[in-house]
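Read the structure below first, then the notes.
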Amino acid sequence: MKRVFAHQGRAIVRDVPEPELRPGEVLVQTSYSAISAGTESWIIRSSAAPDWTTHEYPDPRNPGPQYRDPGVPYRGPQPRSQALEWSSIGYSNAGRVIAVSPEVADIKVGDRVACSGSQCAWHAEKVAVPRNLIAPVPDNVRLDQAAFVTLGAISMEALRRTQTHFGEVVVVYGLGLLGLLATQMARYAGIRTIGIDTNPVRLEQALRMGASVAIDPTKDDPTTAVHDFTRGFGADGVILGVVTESSEPLNLSFELCRYKGTVVGLGLFGMDITRSRMFENDVTFVGSRAYGPGRYDPVYEEGNVDMPIGWVRWTENRNATEFLREISIGAVTVDELAPVKIPIADAPSAYEMLMSPGRPPTVVLDYGTE
């Protein structure tokens with residue numbers, strides 16, 4: 001089967017063996033997969049560096065943090081091991097179920113599902129995915145739309161981490177793919193948004209997708225604009241989704257907040273914090289770890305042990321399911337975010353498009369099965 005990798009600064013399509021179905025997994029024939037433009041382009045560029053080894057989960061050199069008390073060790077399935085020399089890319093796709101392991105009780109062959117996980121939901125013709133990383137697709141949602149499932153869960157988790165509620169204000173700083181998704185979710189939740197970006201096309205898209213204000217920081221002072229909009233208080237939260245080596249966006253985000261506001265780090269940016277700018281409003285700075293609680297925990301993901309809803313309301317799977325529901329009712333639209341579909345065999349051209357001027361927010365890969 002065909003699968004896409006990053007290798008020596010390029011995206012490469014290789015023929016590889018089909019994945020083996022393990023306990024608790026579902027085998028899916030991929031119909032579409034959505035490219036995470038920022039992350040995957042960064043992996044491809046980074047793979048050209050002489051000292052590059054891998055960008056994988058699991059990282060064979062690092063076992064990661066300990067999540068549970070070691071009294072009763074978990075001996076269930078672990079994420080599939082990855083090769084150092086070929087970096088996997090892709091973690092958001094959708095297709096039809098072609099096989100189900102006996103342990104899975106609520107998914108059957110022929111079901112339409114959306115899949116998450118950088119350790120399994122690759123850009124590949126077939127993927128074997130643990131049940132907790134699978135979300136059934138509503139009947140009125142197309143599979144090319146459902147392929148955005150993981151990207152939607154990432155944006156949703158970042159919005160949740162601001163801890164804002166209806167009537168409050170969030171600044172979405174960086175109107176790329178994730179920022180535009182978060183803008184739509186905020187509108188649906190009754191949270192007013194202010195978009196910041198230097199790209200006029202993205203600013204226009206943000207306004208169409210529900211932003212109250214869209215600011216180009218090279219033309220207008222964002223601090224003044226945010227304070228004018230919030231009657232002088234500042235925003236309740238900021239989602240910082242830019243990709244830059246500069247630390248200025250982070251420090252500016254502190255100034256955009258109200259007293260005791262929250263800045264959520266979603267992008268990849270410099271982190272040389274100017275203490276006075278953070279201290280002024282007593283701002284809380286938090287990261288947003290991928291799709292939600294459960295991510296990178298093999299007991300949850302590979303072992304399919306759910307977290308009780310009373311203690312963890314929004315796991316990564318519940319985020320994914322909610323995102324698909326919001327598409328189904330029209331609260332979130334994704335068609336405009338991926339105006340181009342490219343066959344899986346031509347995947348390298350998709351990444352060339354995403355690294356060029358005037359690029360779209362993302363591209364969907366088409367596997368020719370629908």
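Starting from 1 in every chain, residues are counted up; chains themselves are A, B, ... following the order of the structure tokens, and ligands are numbered from 1 as listed.
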
As a VMD selection string, please: the residues near Phe229 in chain A (cut-off 12 Å, only C-alpha atoms, same-chain neighbours under 5 positions excluded). chain A and resid 168 to 171 192 to 194 212 to 215 222 to 224 234 to 236 256 258

Writing out the chosen residues with C-alpha atoms as a PDB file, in the first residue's frame:
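For reference, result-v4.pdb as written:
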ATOM      1  CA  GLU A 168     -16.424  36.367  26.728  1.00  0.00           C
ATOM      2  CA  VAL A 169     -13.697  37.321  24.248  1.00  0.00           C
ATOM      3  CA  VAL A 170     -10.872  35.246  22.785  1.00  0.00           C
ATOM      4  CA  VAL A 171      -8.101  36.526  20.546  1.00  0.00           C
ATOM      5  CA  ARG A 192     -16.633  36.544  20.641  1.00  0.00           C
ATOM      6  CA  THR A 193     -13.353  36.384  18.729  1.00  0.00           C
ATOM      7  CA  ILE A 194     -10.753  38.827  17.508  1.00  0.00           C
ATOM      8  CA  SER A 212     -16.008  40.121  15.319  1.00  0.00           C
ATOM      9  CA  VAL A 213     -12.804  41.954  14.440  1.00  0.00           C
ATOM     10  CA  ALA A 214      -9.807  41.053  12.244  1.00  0.00           C
ATOM     11  CA  ILE A 215      -6.518  42.906  12.765  1.00  0.00           C
ATOM     12  CA  PRO A 222      -3.571  45.138  18.195  1.00  0.00           C
ATOM     13  CA  THR A 223      -3.378  46.164  21.863  1.00  0.00           C
ATOM     14  CA  THR A 224      -5.432  49.286  21.236  1.00  0.00           C
ATOM     15  CA  GLY A 234      -8.484  43.120  27.473  1.00  0.00           C
ATOM     16  CA  ALA A 235      -9.369  39.670  26.167  1.00  0.00           C
ATOM     17  CA  ASP A 236     -10.334  36.798  28.449  1.00  0.00           C
ATOM     18  CA  LEU A 256      -3.762  41.557  24.980  1.00  0.00           C
ATOM     19  CA  ARG A 258      -7.303  41.164  30.794  1.00  0.00           C
TER      20      ARG A 258
END

Per-residue DSSP, range 49-283 of chain A, filtered to strand (DSSP E), as a ChimeraX atom specification: /A:87-88,92-100,112-116,126-130,134-136,169-173,192-196,213-215,235-240,257-265

I want to know what sits within 10 Å of Ala37 in chain A, based on only C-alpha atoms, with residues of the same chain fewer than 4 positions away left out; could you give that as a list in words? Ser41, Trp42, Gly90, Gly176, Leu177, Leu178, Ala350, Tyr351, Leu354, Met355, Arg359, Pro360, Pro361, Thr362 and Val363 of chain A

Option closest in space to Ala124 in chain A, from A:Asp144, A:Asp346, A:Glu322, A:Glu18 [counting only C-alpha atoms]: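 Of all the options, A:Glu18 lies closest to Ala124 in chain A.
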
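The shell of residues at most 10 Å from Leu175 in chain A, with only C-alpha atoms counted and near chain neighbours (fewer than 2 positions) removed, consists of Val172, Tyr173, Leu177, Leu178, Gly179, Leu180, Leu181, Ala182, Thr183, Gly195, Ile196, Asp197, Thr198, Asn199, Val201, Arg202, Leu203, Gln205, Ala206, Ala214, Leu240, Gly241, Val242 and Pro361 of chain A.
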
Distance CA of Phe254 in chain A-CA of Gly167 in chain A, one decimal place? 20.6 Å

Go ahead and compute the interatomic distance for CA of Ile12 in chain A and CA of Asp335 in chain A, in Å to one decimal.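 It comes out at 26.0 Å.
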
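Distances here use only C-alpha atoms; by that measure, the residue among A:Trp314, A:Tyr296, A:Tyr367, A:Trp122 closest to Gly64 in chain A is A:Tyr296.
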
Which of these, A:Ala225, A:Ala121, A:Ala48, A:Met278, has the shortest distance to Tyr259 in chain A once you count only C-alpha atoms? A:Met278

Have a look at CA of Val286 in chain A and CA of Phe269 in chain A and let me know their distance in Å, one decimal. 13.5 Å

Name the residues of range 155-363 of chain A that come out as alpha helix (DSSP H) in a backbone DSSP run; write them as a PyMOL selection string. chain A and resi 155-161+177-188+200-208+222-229+248-256+275-279+316-328+347-354

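For the residues A:Ala320, A:Met209, A:Ala135, A:Ile309, ranking by smallest atom-to-atom distance to Ser155 in chain A using only C-alpha atoms places A:Ala320 first.
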
Under the rule that only C-alpha atoms are counted, which of A:Tyr91, A:Tyr74, A:Phe5, A:Tyr300 is the nearest residue to Leu151 in chain A? A:Tyr91

Using only C-alpha atoms, which residues sit within 9 Å of Ser246 in chain A once same-chain residues fewer than 4 positions away are excluded, as a list in words?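 My reading of the contact set: Leu250, Phe269, Gly270, Met271 and Asp272 of chain A.
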
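Ranking A:Gln29, A:Gln78, A:Ser46, A:Thr39 by their shortest atom-to-atom distance to Gly303 in chain A, with only C-alpha atoms included, puts A:Gln78 first.
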